[in-house]
>>> print(open('model-v5.tsv').read())   # TSV, C-alpha atoms
chain	number	residue	atom	x	y	z
A	852	MET	CA	-165.34	-52.28	172.58
A	853	THR	CA	-166.23	-54.55	175.45
A	854	THR	CA	-169.08	-53.65	177.79
A	855	ALA	CA	-166.53	-52.85	180.50
A	856	GLU	CA	-164.63	-50.49	178.17
A	857	LEU	CA	-167.84	-48.74	177.15
A	858	LEU	CA	-168.84	-48.48	180.79
A	859	ASP	CA	-165.47	-46.91	181.64
A	860	TYR	CA	-165.90	-44.47	178.77
A	861	ALA	CA	-169.47	-43.58	179.87
A	862	ASN	CA	-168.12	-42.80	183.33
A	863	THR	CA	-165.77	-40.18	181.89
A	864	LEU	CA	-168.61	-38.19	180.25
A	865	GLN	CA	-170.16	-35.15	181.89
A	866	ALA	CA	-173.66	-35.75	180.49
A	867	PRO	CA	-174.52	-38.87	182.56
A	868	LYS	CA	-173.47	-37.03	185.72
A	869	LEU	CA	-175.75	-34.10	184.85
A	870	LEU	CA	-178.60	-36.51	184.16
A	871	GLY	CA	-177.90	-38.80	187.11
A	872	ALA	CA	-177.85	-41.59	184.52
A	873	GLU	CA	-176.02	-44.90	184.55
A	874	LEU	CA	-175.25	-47.42	181.85
A	875	VAL	CA	-177.02	-50.62	182.88
A	876	SER	CA	-175.87	-52.90	180.09
A	877	ALA	CA	-174.32	-52.77	176.65
A	878	SER	CA	-173.80	-55.10	173.72
A	879	ASP	CA	-172.83	-54.61	170.07
A	880	ASP	CA	-176.28	-53.39	169.10
A	881	LYS	CA	-178.02	-52.35	172.31
A	882	VAL	CA	-177.39	-50.12	175.33
A	883	ILE	CA	-179.68	-49.70	178.31
A	884	LEU	CA	-179.53	-46.54	180.39
A	885	ARG	CA	-181.29	-45.78	183.65
A	886	SER	CA	-182.00	-42.48	185.38
A	887	PRO	CA	-183.57	-42.29	188.83
A	888	ALA	CA	-187.16	-41.15	189.33
A	889	ASN	CA	-186.23	-38.09	191.35
A	890	THR	CA	-184.05	-36.54	188.63
A	891	HIS	CA	-185.48	-33.62	186.67
A	892	ARG	CA	-189.24	-33.85	186.90
A	893	ASN	CA	-191.58	-31.50	185.05
A	894	ASP	CA	-194.27	-29.29	186.58
A	895	LYS	CA	-196.69	-32.27	186.50
A	896	GLY	CA	-194.34	-34.64	188.34
A	897	GLY	CA	-193.48	-36.70	185.26
A	898	ALA	CA	-190.08	-37.15	183.64
A	899	PHE	CA	-188.89	-33.93	181.98
A	900	ALA	CA	-189.00	-34.24	178.17
A	901	GLY	CA	-185.60	-32.57	177.91
A	902	SER	CA	-184.01	-35.11	180.22
A	903	MET	CA	-185.55	-37.94	178.20
A	904	TYR	CA	-184.13	-36.51	174.96
A	905	SER	CA	-180.78	-36.01	176.67
A	906	LEU	CA	-180.79	-39.65	177.66
A	907	CYS	CA	-181.55	-40.53	174.01
A	908	GLY	CA	-178.60	-38.39	172.93
A	909	LEU	CA	-176.39	-40.23	175.37
A	910	GLY	CA	-177.72	-43.65	174.33
A	911	GLY	CA	-177.19	-42.86	170.65
A	912	TRP	CA	-173.71	-41.51	171.35
A	913	LEU	CA	-172.70	-44.66	173.22
A	914	MET	CA	-174.19	-46.83	170.48
A	915	CYS	CA	-172.10	-44.94	167.90
A	916	VAL	CA	-168.96	-45.31	170.04
A	917	GLN	CA	-169.71	-49.02	170.20
A	918	GLN	CA	-170.21	-49.15	166.41
A	919	ALA	CA	-167.00	-47.24	165.73
A	920	GLY	CA	-165.11	-49.35	168.26
A	921	SER	CA	-163.46	-46.30	169.82
A	922	PRO	CA	-164.45	-42.98	171.41
A	923	GLU	CA	-161.69	-41.22	169.46
A	924	PHE	CA	-163.91	-40.44	166.46
A	925	LYS	CA	-166.06	-37.29	166.11
A	926	PHE	CA	-169.69	-38.00	167.02
A	927	ASP	CA	-172.58	-35.59	166.45
A	928	MET	CA	-176.34	-35.90	166.67
A	929	LEU	CA	-177.81	-34.74	163.36
A	930	GLN	CA	-181.47	-35.45	163.93
A	931	GLY	CA	-183.76	-36.51	166.76
A	932	ASP	CA	-187.47	-37.23	166.64
A	933	ILE	CA	-189.35	-38.22	169.77
A	934	HIS	CA	-192.96	-39.19	170.31
A	935	TYR	CA	-194.13	-39.00	173.92
A	936	LEU	CA	-196.97	-41.44	174.60
A	937	SER	CA	-197.44	-41.23	178.36
A	938	ALA	CA	-195.88	-39.56	181.38
A	939	ILE	CA	-193.12	-41.51	183.14
A	940	GLN	CA	-193.69	-41.28	186.88
A	941	GLY	CA	-190.96	-43.64	188.10
A	942	GLU	CA	-187.44	-44.54	187.12
A	943	ILE	CA	-186.53	-43.68	183.51
A	944	ILE	CA	-185.29	-46.69	181.53
A	945	LEU	CA	-184.15	-46.28	177.93
A	946	GLU	CA	-183.24	-49.10	175.59
A	947	THR	CA	-181.30	-47.91	172.54
A	948	THR	CA	-180.81	-50.18	169.55
A	949	VAL	CA	-179.22	-49.78	166.13
A	950	LYS	CA	-181.74	-49.27	163.34
A	951	SER	CA	-179.22	-48.71	160.52
A	952	PRO	CA	-175.61	-49.50	161.36
A	953	ALA	CA	-172.74	-47.25	160.36
A	954	ASP	CA	-170.92	-48.13	157.17
A	955	MET	CA	-167.48	-48.56	158.67
A	956	SER	CA	-165.86	-48.93	155.22
A	957	LEU	CA	-166.51	-45.19	154.73
A	958	LEU	CA	-164.52	-44.39	157.87
A	959	ASP	CA	-161.77	-46.70	156.68
A	960	ALA	CA	-161.76	-44.71	153.43
A	961	GLY	CA	-161.36	-41.45	155.36
A	962	LYS	CA	-164.98	-40.35	155.01
A	963	ALA	CA	-167.73	-39.68	157.56
A	964	THR	CA	-170.53	-42.16	158.09
A	965	SER	CA	-173.78	-42.18	160.04
A	966	CYS	CA	-175.70	-44.46	162.32
A	967	GLU	CA	-179.45	-44.49	162.93
A	968	VAL	CA	-180.73	-45.57	166.34
A	969	THR	CA	-184.08	-46.19	167.97
A	970	GLY	CA	-184.75	-45.50	171.62
A	971	THR	CA	-187.64	-46.97	173.57
A	972	PHE	CA	-188.70	-45.78	177.01
A	973	ILE	CA	-190.49	-48.39	179.08
A	974	ASP	CA	-192.62	-47.47	182.09
A	975	ASN	CA	-194.61	-50.09	184.01
A	976	GLY	CA	-194.19	-52.56	181.17
A	977	LYS	CA	-195.55	-50.15	178.55
A	978	VAL	CA	-193.82	-48.09	175.88
A	979	ALA	CA	-193.92	-44.49	177.16
A	980	ALA	CA	-191.94	-42.76	174.39
A	981	ILE	CA	-190.17	-43.63	171.15
A	982	PHE	CA	-187.09	-41.89	169.78
A	983	THR	CA	-185.38	-42.09	166.41
A	984	GLY	CA	-182.05	-40.40	165.92
A	985	ILE	CA	-179.33	-40.08	163.31
A	986	PHE	CA	-175.74	-39.55	164.40
A	987	SER	CA	-172.70	-38.79	162.29
A	988	ILE	CA	-169.38	-40.45	162.91
A	989	GLY	CA	-166.42	-38.55	161.54
A	990	LEU	CA	-162.68	-38.93	161.58
A	991	PRO	CA	-160.99	-37.89	164.80
A	992	PRO	CA	-159.84	-34.29	164.91
A	993	THR	CA	-156.23	-33.98	163.81
A	994	PRO	CA	-153.92	-32.72	166.56
B	969	MET	CA	-195.69	-19.20	186.10
B	970	MET	CA	-192.80	-18.29	183.80
B	971	ALA	CA	-190.79	-17.57	186.94
B	972	GLN	CA	-191.90	-20.97	188.28
B	973	LEU	CA	-190.63	-22.67	185.10
B	974	LEU	CA	-187.29	-20.89	185.36
B	975	SER	CA	-186.99	-21.90	189.00
B	976	THR	CA	-187.29	-25.65	188.29
B	977	SER	CA	-184.20	-27.63	189.22
B	978	TYR	CA	-183.22	-28.27	185.62
B	979	ALA	CA	-183.65	-24.65	184.49
B	980	LYS	CA	-181.64	-23.47	187.49
B	981	ASN	CA	-178.95	-26.13	186.91
B	982	ILE	CA	-178.28	-24.94	183.40
B	983	GLY	CA	-178.85	-21.24	184.14
B	984	VAL	CA	-181.80	-20.65	181.79
B	985	GLU	CA	-182.82	-17.02	181.40
B	986	LEU	CA	-185.78	-15.41	179.70
B	987	ALA	CA	-184.10	-13.19	177.09
B	988	SER	CA	-187.19	-11.57	175.60
B	989	PHE	CA	-190.81	-12.16	174.68
B	990	ASP	CA	-193.19	-10.75	172.18
B	991	ARG	CA	-196.79	-11.53	171.27
B	992	ASN	CA	-196.20	-15.00	169.79
B	993	GLN	CA	-192.51	-15.43	170.44
B	994	VAL	CA	-190.30	-16.23	173.43
B	995	GLN	CA	-186.48	-16.27	173.63
B	996	PHE	CA	-184.47	-18.22	176.20
B	997	ARG	CA	-180.73	-18.31	176.64
B	998	ALA	CA	-178.30	-20.39	178.69
B	999	PRO	CA	-174.56	-20.07	179.31
B	1000	LEU	CA	-172.42	-22.48	177.31
B	1001	GLU	CA	-170.39	-23.37	180.40
B	1002	SER	CA	-173.38	-25.06	182.05
B	1003	ILE	CA	-174.54	-27.08	179.04
B	1004	GLN	CA	-171.33	-28.35	177.48
B	1005	SER	CA	-170.43	-32.03	177.43
B	1006	ILE	CA	-167.10	-31.74	175.63
B	1007	PRO	CA	-165.30	-28.50	176.56
B	1008	GLY	CA	-166.51	-25.72	174.28
B	1009	ILE	CA	-169.33	-27.74	172.69
B	1010	ALA	CA	-172.92	-27.73	173.92
B	1011	PHE	CA	-174.56	-31.10	174.62
B	1012	SER	CA	-177.38	-31.75	172.13
B	1013	GLY	CA	-179.65	-32.90	174.97
B	1014	SER	CA	-179.18	-29.65	176.89
B	1015	ILE	CA	-179.83	-27.61	173.75
B	1016	TYR	CA	-183.03	-29.59	173.23
B	1017	SER	CA	-184.05	-29.07	176.87
B	1018	LEU	CA	-183.61	-25.32	176.51
B	1019	THR	CA	-185.65	-25.34	173.31
B	1020	ALA	CA	-188.43	-27.58	174.67
B	1021	MET	CA	-188.79	-25.31	177.73
B	1022	CYS	CA	-188.87	-22.24	175.51
B	1023	GLY	CA	-191.59	-23.89	173.39
B	1024	TRP	CA	-193.56	-24.68	176.53
B	1025	ALA	CA	-193.27	-21.03	177.60
B	1026	THR	CA	-194.52	-19.88	174.20
B	1027	VAL	CA	-197.68	-21.99	174.56
B	1028	TYR	CA	-198.08	-20.90	178.18
B	1029	LYS	CA	-197.94	-17.28	177.04
B	1030	ALA	CA	-200.68	-17.87	174.45
B	1031	LEU	CA	-202.89	-19.35	177.18
B	1032	HIS	CA	-202.07	-16.56	179.60
B	1033	GLU	CA	-202.96	-13.85	177.08
B	1034	ALA	CA	-206.37	-15.51	176.62
B	1035	ASN	CA	-206.80	-15.51	180.42
B	1036	LEU	CA	-206.71	-19.31	180.45
B	1037	THR	CA	-204.67	-21.75	182.46
B	1038	GLY	CA	-203.96	-25.48	182.50
B	1039	PRO	CA	-201.24	-28.08	182.11
B	1040	ILE	CA	-199.23	-28.15	178.87
B	1041	TRP	CA	-197.52	-31.28	177.53
B	1042	LEU	CA	-194.99	-31.80	174.78
B	1043	THR	CA	-196.32	-34.69	172.71
B	1044	ASP	CA	-194.05	-34.83	169.65
B	1045	SER	CA	-190.90	-33.12	168.55
B	1046	SER	CA	-188.55	-33.15	165.63
B	1047	THR	CA	-185.12	-31.56	165.90
B	1048	ARG	CA	-182.39	-31.02	163.33
B	1049	HIS	CA	-178.92	-30.25	164.62
B	1050	TYR	CA	-177.13	-28.53	161.73
B	1051	SER	CA	-173.92	-27.61	163.47
B	1052	ARG	CA	-172.17	-27.88	166.80
B	1053	ILE	CA	-173.09	-25.05	169.16
B	1054	THR	CA	-169.93	-23.48	170.51
B	1055	SER	CA	-171.27	-20.30	172.10
B	1056	SER	CA	-174.01	-19.52	174.63
B	1057	PRO	CA	-177.22	-20.32	172.73
B	1058	LEU	CA	-180.17	-18.00	172.27
B	1059	VAL	CA	-183.26	-19.98	171.26
B	1060	THR	CA	-186.29	-18.36	169.66
B	1061	CYS	CA	-189.62	-20.19	169.77
B	1062	SER	CA	-192.72	-18.95	168.03
B	1063	ILE	CA	-196.28	-19.88	167.23
B	1064	ASN	CA	-197.86	-19.03	163.89
B	1065	PRO	CA	-200.18	-16.11	164.82
B	1066	LEU	CA	-202.89	-17.57	162.55
B	1067	HIS	CA	-202.98	-20.73	164.69
B	1068	VAL	CA	-203.53	-19.04	168.05
B	1069	GLU	CA	-207.22	-18.21	167.72
B	1070	PRO	CA	-208.25	-21.69	166.46
B	1071	PHE	CA	-206.17	-23.22	169.29
B	1072	ILE	CA	-207.87	-21.09	171.95
B	1073	ASN	CA	-211.33	-21.70	170.43
B	1074	SER	CA	-210.69	-25.42	170.31
B	1075	LEU	CA	-209.54	-25.36	173.93
B	1076	LEU	CA	-212.66	-23.48	175.02
B	1077	ARG	CA	-214.90	-25.86	173.05
B	1078	GLY	CA	-213.37	-29.20	173.94
B	1079	GLY	CA	-211.21	-28.51	176.98
B	1080	LYS	CA	-208.10	-29.84	175.22
B	1081	ALA	CA	-206.22	-28.67	172.10
B	1082	SER	CA	-202.84	-28.89	170.41
B	1083	ILE	CA	-200.62	-26.34	168.74
B	1084	SER	CA	-197.26	-26.42	166.96
B	1085	VAL	CA	-194.22	-24.42	168.00
B	1086	VAL	CA	-191.21	-23.72	165.82
B	1087	GLY	CA	-187.82	-23.12	167.43
B	1088	GLU	CA	-184.49	-21.95	166.01
B	1089	ILE	CA	-180.97	-21.32	167.18
B	1090	TYR	CA	-178.61	-19.28	165.02
B	1091	GLN	CA	-174.86	-19.22	165.41
B	1092	ASP	CA	-172.71	-16.86	163.35
B	1093	LYS	CA	-175.82	-16.01	161.29
B	1094	GLN	CA	-176.23	-19.67	160.29
B	1095	LEU	CA	-179.13	-21.87	161.38
B	1096	ALA	CA	-177.60	-24.28	163.91
B	1097	LEU	CA	-180.80	-25.95	165.14
B	1098	ALA	CA	-184.37	-26.25	163.87
B	1099	TYR	CA	-187.08	-27.55	166.17
B	1100	HIS	CA	-190.72	-28.42	165.69
B	1101	GLY	CA	-192.75	-29.33	168.77
B	1102	ASP	CA	-196.41	-30.22	169.16
B	1103	TYR	CA	-197.80	-29.17	172.53
B	1104	THR	CA	-201.17	-30.13	174.01
B	1105	ALA	CA	-202.94	-28.02	176.62
B	1106	LYS	CA	-205.81	-28.96	178.87
B	1107	LEU	CA	-208.08	-26.28	180.20
B	1108	VAL	CA	-208.54	-25.96	183.93
B	1109	PRO	CA	-211.96	-24.43	184.75
B	1110	PRO	CA	-211.67	-21.21	186.83
B	1111	SER	CA	-213.40	-22.98	189.76
B	1112	GLN	CA	-210.48	-25.45	189.98
B	1113	ILE	CA	-207.69	-22.88	189.99
B	1114	THR	CA	-206.07	-22.68	193.37
B	1115	GLY	CA	-203.51	-20.29	194.77
>>> encode(input="model-v5.tsv", output="structure tokens")
Amino acid sequence: MTTAELLDYANTLQAPKLLGAELVSASDDKVILRSPANTHRNDKGGAFAGSMYSLCGLGGWLMCVQQAGSPEFKFDMLQGDIHYLSAIQGEIILETTVKSPADMSLLDAGKATSCEVTGTFIDNGKVAAIFTGIFSIGLPPTP
Amino acid sequence: MMAQLLSTSYAKNIGVELASFDRNQVQFRAPLESIQSIPGIAFSGSIYSLTAMCGWATVYKALHEANLTGPIWLTDSSTRHYSRITSSPLVTCSINPLHVEPFINSLLRGGKASISVVGEIYQDKQLALAYHGDYTAKLVPPSQITG
């Protein structure tokens, strides 16, 4: 998918609207998402952990769509581990990259595959949290 | 404070409710309609948010029962999504009762301590989500408590 196609697809999803998130840029192996500072803060004024994980879910999802080349497949998050290093006080920026790409030959053979991604939150030039997630990519549901 | 947590914009947006609480266990629920991304399927991020808040409430409750107060942070979490959640989720978070006293003692001694919370969501009697979160609390001395 081209960046423009992925952007169009991202705009159709409900999750970015709930998170106030936007897709900043996308390539074959990286997507960057941004969420404004005033969206979903915790009781200490920092970014809410749940919103950060949600952004990771969205980043991983888009990365899998990019890997599969189409949003028509069935995507599910299987696993997500996140290590919070420091509170994010400003805008939330997440860079998601592919750690282990999906084996597309499995999909071609009618089987499910998976894709492992890494997400890095940057705040004031420092890494504020690190995410690792595994997503499954299955065949599209039959009508 | 629990009411304060449930009145945060996010909790209100997704309609989080306190379903029940016991000594070392808290249950939160949210309507599927407010957390779905694809119609009929809950968004994994919203499910996590519900669980992380429930975990926070479980640690808050342990502090409250020891007559202590202070900020609580989630520092690490590990989540396994075993199946798609297609009905309004009920999350149960709990602390191992054997870990509460060392946690409180550690907090009183050093002013800061961590404790693990385990969370689960069942759907049709099958485990749909397993969560492990490490939370850190910092003690606020009684002289600094306002309000």
>>> atom_distance(input="model-v5.tsv", atom1="CA of Pro952 in chain A", atom2="CA of Ala1020 in chain B")
28.7 Å
>>> closest_residue(input="model-v5.tsv", among="B:Ser1017, B:Gln993, B:Gln1094, B:Asn1064", to="chain A", atoms="all atoms listed in the file")
B:Ser1017
>>> residues_around(input="model-v5.tsv", residues="Phe989 in chain B", least_positions_apart="5", cutoff="10 Å", atoms="only C-alpha atoms", output="PyMOL selection string")
chain B and resi 994-996+1025-1026+1029+1060-1062
>>> residues_around(input="model-v5.tsv", residues="range 973-982 of chain A", least_positions_apart="5", cutoff="12 Å", atoms="only C-alpha atoms", output="ChimeraX atom specification")
/A:883-885,888,897-898,900,903-908,910-911,930-950,967-968 /B:1042-1047
>>> write_last_selection(input="model-v5.tsv", atoms="C-alpha atoms", output="PDB file, in the frame of the given file")
ATOM      1  CA  ILE A 883    -179.680 -49.700 178.310  1.00  0.00           C
ATOM      2  CA  LEU A 884    -179.530 -46.540 180.390  1.00  0.00           C
ATOM      3  CA  ARG A 885    -181.290 -45.780 183.650  1.00  0.00           C
ATOM      4  CA  ALA A 888    -187.160 -41.150 189.330  1.00  0.00           C
ATOM      5  CA  GLY A 897    -193.480 -36.700 185.260  1.00  0.00           C
ATOM      6  CA  ALA A 898    -190.080 -37.150 183.640  1.00  0.00           C
ATOM      7  CA  ALA A 900    -189.000 -34.240 178.170  1.00  0.00           C
ATOM      8  CA  MET A 903    -185.550 -37.940 178.200  1.00  0.00           C
ATOM      9  CA  TYR A 904    -184.130 -36.510 174.960  1.00  0.00           C
ATOM     10  CA  SER A 905    -180.780 -36.010 176.670  1.00  0.00           C
ATOM     11  CA  LEU A 906    -180.790 -39.650 177.660  1.00  0.00           C
ATOM     12  CA  CYS A 907    -181.550 -40.530 174.010  1.00  0.00           C
ATOM     13  CA  GLY A 908    -178.600 -38.390 172.930  1.00  0.00           C
ATOM     14  CA  GLY A 910    -177.720 -43.650 174.330  1.00  0.00           C
ATOM     15  CA  GLY A 911    -177.190 -42.860 170.650  1.00  0.00           C
ATOM     16  CA  GLN A 930    -181.470 -35.450 163.930  1.00  0.00           C
ATOM     17  CA  GLY A 931    -183.760 -36.510 166.760  1.00  0.00           C
ATOM     18  CA  ASP A 932    -187.470 -37.230 166.640  1.00  0.00           C
ATOM     19  CA  ILE A 933    -189.350 -38.220 169.770  1.00  0.00           C
ATOM     20  CA  HIS A 934    -192.960 -39.190 170.310  1.00  0.00           C
ATOM     21  CA  TYR A 935    -194.130 -39.000 173.920  1.00  0.00           C
ATOM     22  CA  LEU A 936    -196.970 -41.440 174.600  1.00  0.00           C
ATOM     23  CA  SER A 937    -197.440 -41.230 178.360  1.00  0.00           C
ATOM     24  CA  ALA A 938    -195.880 -39.560 181.380  1.00  0.00           C
ATOM     25  CA  ILE A 939    -193.120 -41.510 183.140  1.00  0.00           C
ATOM     26  CA  GLN A 940    -193.690 -41.280 186.880  1.00  0.00           C
ATOM     27  CA  GLY A 941    -190.960 -43.640 188.100  1.00  0.00           C
ATOM     28  CA  GLU A 942    -187.440 -44.540 187.120  1.00  0.00           C
ATOM     29  CA  ILE A 943    -186.530 -43.680 183.510  1.00  0.00           C
ATOM     30  CA  ILE A 944    -185.290 -46.690 181.530  1.00  0.00           C
ATOM     31  CA  LEU A 945    -184.150 -46.280 177.930  1.00  0.00           C
ATOM     32  CA  GLU A 946    -183.240 -49.100 175.590  1.00  0.00           C
ATOM     33  CA  THR A 947    -181.300 -47.910 172.540  1.00  0.00           C
ATOM     34  CA  THR A 948    -180.810 -50.180 169.550  1.00  0.00           C
ATOM     35  CA  VAL A 949    -179.220 -49.780 166.130  1.00  0.00           C
ATOM     36  CA  LYS A 950    -181.740 -49.270 163.340  1.00  0.00           C
ATOM     37  CA  GLU A 967    -179.450 -44.490 162.930  1.00  0.00           C
ATOM     38  CA  VAL A 968    -180.730 -45.570 166.340  1.00  0.00           C
TER      39      VAL A 968
ATOM     40  CA  LEU B1042    -194.990 -31.800 174.780  1.00  0.00           C
ATOM     41  CA  THR B1043    -196.320 -34.690 172.710  1.00  0.00           C
ATOM     42  CA  ASP B1044    -194.050 -34.830 169.650  1.00  0.00           C
ATOM     43  CA  SER B1045    -190.900 -33.120 168.550  1.00  0.00           C
ATOM     44  CA  SER B1046    -188.550 -33.150 165.630  1.00  0.00           C
ATOM     45  CA  THR B1047    -185.120 -31.560 165.900  1.00  0.00           C
TER      46      THR B1047
END
>>> residues_around(input="model-v5.tsv", residues="Asp879 in chain A", least_positions_apart="3", cutoff="12 Å", atoms="only C-alpha atoms", output="VMD selection string")
chain A and resid 852 to 854 857 876 882 to 883 913 to 920 947 to 949 952
>>> closest_atom_pairs(input="model-v5.tsv", of="chain B", to="chain A", cutoff="10 Å", atoms="all atoms listed in the file", output="JSON lines")
{"residue": "B:Gln972", "atom": "CA", "partner": "A:Asp894", "partner_atom": "CA", "distance": 8.8}
{"residue": "B:Leu973", "atom": "CA", "partner": "A:Asp894", "partner_atom": "CA", "distance": 7.7}
{"residue": "B:Thr976", "atom": "CA", "partner": "A:Asn893", "partner_atom": "CA", "distance": 7.9}
{"residue": "B:Ser977", "atom": "CA", "partner": "A:His891", "partner_atom": "CA", "distance": 6.6}
{"residue": "B:Tyr978", "atom": "CA", "partner": "A:His891", "partner_atom": "CA", "distance": 5.9}
{"residue": "B:Ala979", "atom": "CA", "partner": "A:His891", "partner_atom": "CA", "distance": 9.4}
{"residue": "B:Asn981", "atom": "CA", "partner": "A:Leu869", "partner_atom": "CA", "distance": 8.8}
{"residue": "B:Ile982", "atom": "CA", "partner": "A:Leu869", "partner_atom": "CA", "distance": 9.6}
{"residue": "B:Ser1002", "atom": "CA", "partner": "A:Leu869", "partner_atom": "CA", "distance": 9.8}
{"residue": "B:Ile1003", "atom": "CA", "partner": "A:Ala866", "partner_atom": "CA", "distance": 8.8}
{"residue": "B:Gln1004", "atom": "CA", "partner": "A:Gln865", "partner_atom": "CA", "distance": 8.2}
{"residue": "B:Ser1005", "atom": "CA", "partner": "A:Gln865", "partner_atom": "CA", "distance": 5.4}
{"residue": "B:Ile1006", "atom": "CA", "partner": "A:Gln865", "partner_atom": "CA", "distance": 7.8}
{"residue": "B:Pro1007", "atom": "CA", "partner": "A:Gln865", "partner_atom": "CA", "distance": 9.8}
{"residue": "B:Phe1011", "atom": "CA", "partner": "A:Ala866", "partner_atom": "CA", "distance": 7.5}
{"residue": "B:Ser1012", "atom": "CA", "partner": "A:Gly908", "partner_atom": "CA", "distance": 6.8}
{"residue": "B:Gly1013", "atom": "CA", "partner": "A:Ser905", "partner_atom": "CA", "distance": 3.7}
{"residue": "B:Ser1014", "atom": "CA", "partner": "A:Ser905", "partner_atom": "CA", "distance": 6.6}
{"residue": "B:Ile1015", "atom": "CA", "partner": "A:Gly901", "partner_atom": "CA", "distance": 8.7}
{"residue": "B:Tyr1016", "atom": "CA", "partner": "A:Gly901", "partner_atom": "CA", "distance": 6.1}
{"residue": "B:Ser1017", "atom": "CA", "partner": "A:Gly901", "partner_atom": "CA", "distance": 4.0}
{"residue": "B:Leu1018", "atom": "CA", "partner": "A:Gly901", "partner_atom": "CA", "distance": 7.6}
{"residue": "B:Thr1019", "atom": "CA", "partner": "A:Gly901", "partner_atom": "CA", "distance": 8.6}
{"residue": "B:Ala1020", "atom": "CA", "partner": "A:Gly901", "partner_atom": "CA", "distance": 6.6}
{"residue": "B:Met1021", "atom": "CA", "partner": "A:Gly901", "partner_atom": "CA", "distance": 7.9}
{"residue": "B:Pro1039", "atom": "CA", "partner": "A:Lys895", "partner_atom": "CA", "distance": 7.6}
{"residue": "B:Ile1040", "atom": "CA", "partner": "A:Lys895", "partner_atom": "CA", "distance": 9.0}
{"residue": "B:Trp1041", "atom": "CA", "partner": "A:Ala900", "partner_atom": "CA", "distance": 9.0}
{"residue": "B:Leu1042", "atom": "CA", "partner": "A:Tyr935", "partner_atom": "CA", "distance": 7.3}
{"residue": "B:Thr1043", "atom": "CA", "partner": "A:Tyr935", "partner_atom": "CA", "distance": 5.0}
{"residue": "B:Asp1044", "atom": "CA", "partner": "A:His934", "partner_atom": "CA", "distance": 4.5}
{"residue": "B:Ser1045", "atom": "CA", "partner": "A:Ile933", "partner_atom": "CA", "distance": 5.5}
{"residue": "B:Ser1046", "atom": "CA", "partner": "A:Asp932", "partner_atom": "CA", "distance": 4.3}
{"residue": "B:Thr1047", "atom": "CA", "partner": "A:Gly931", "partner_atom": "CA", "distance": 5.2}
{"residue": "B:Arg1048", "atom": "CA", "partner": "A:Gln930", "partner_atom": "CA", "distance": 4.6}
{"residue": "B:His1049", "atom": "CA", "partner": "A:Leu929", "partner_atom": "CA", "distance": 4.8}
{"residue": "B:Tyr1050", "atom": "CA", "partner": "A:Leu929", "partner_atom": "CA", "distance": 6.5}
{"residue": "B:Ser1051", "atom": "CA", "partner": "A:Leu929", "partner_atom": "CA", "distance": 8.1}
{"residue": "B:Arg1052", "atom": "CA", "partner": "A:Asp927", "partner_atom": "CA", "distance": 7.7}
{"residue": "B:Leu1097", "atom": "CA", "partner": "A:Leu929", "partner_atom": "CA", "distance": 9.5}
{"residue": "B:Ala1098", "atom": "CA", "partner": "A:Gln930", "partner_atom": "CA", "distance": 9.6}
{"residue": "B:Tyr1099", "atom": "CA", "partner": "A:Gly931", "partner_atom": "CA", "distance": 9.6}
{"residue": "B:His1100", "atom": "CA", "partner": "A:Asp932", "partner_atom": "CA", "distance": 9.4}
{"residue": "B:Gly1101", "atom": "CA", "partner": "A:Ile933", "partner_atom": "CA", "distance": 9.6}
{"residue": "B:Asp1102", "atom": "CA", "partner": "A:His934", "partner_atom": "CA", "distance": 9.7}
>>> atom_distance(input="model-v5.tsv", atom1="CA of Gln1091 in chain B", atom2="CA of Gly1023 in chain B")
19.1 Å
>>> atom_distance(input="model-v5.tsv", atom1="CA of Ser921 in chain A", atom2="CA of Pro887 in chain A")
28.0 Å
>>> closest_residue(input="model-v5.tsv", among="B:Thr1037, B:Ser1055, B:Asn1073, B:Asn992", to="Ala1105 in chain B", atoms="only C-alpha atoms")
B:Thr1037
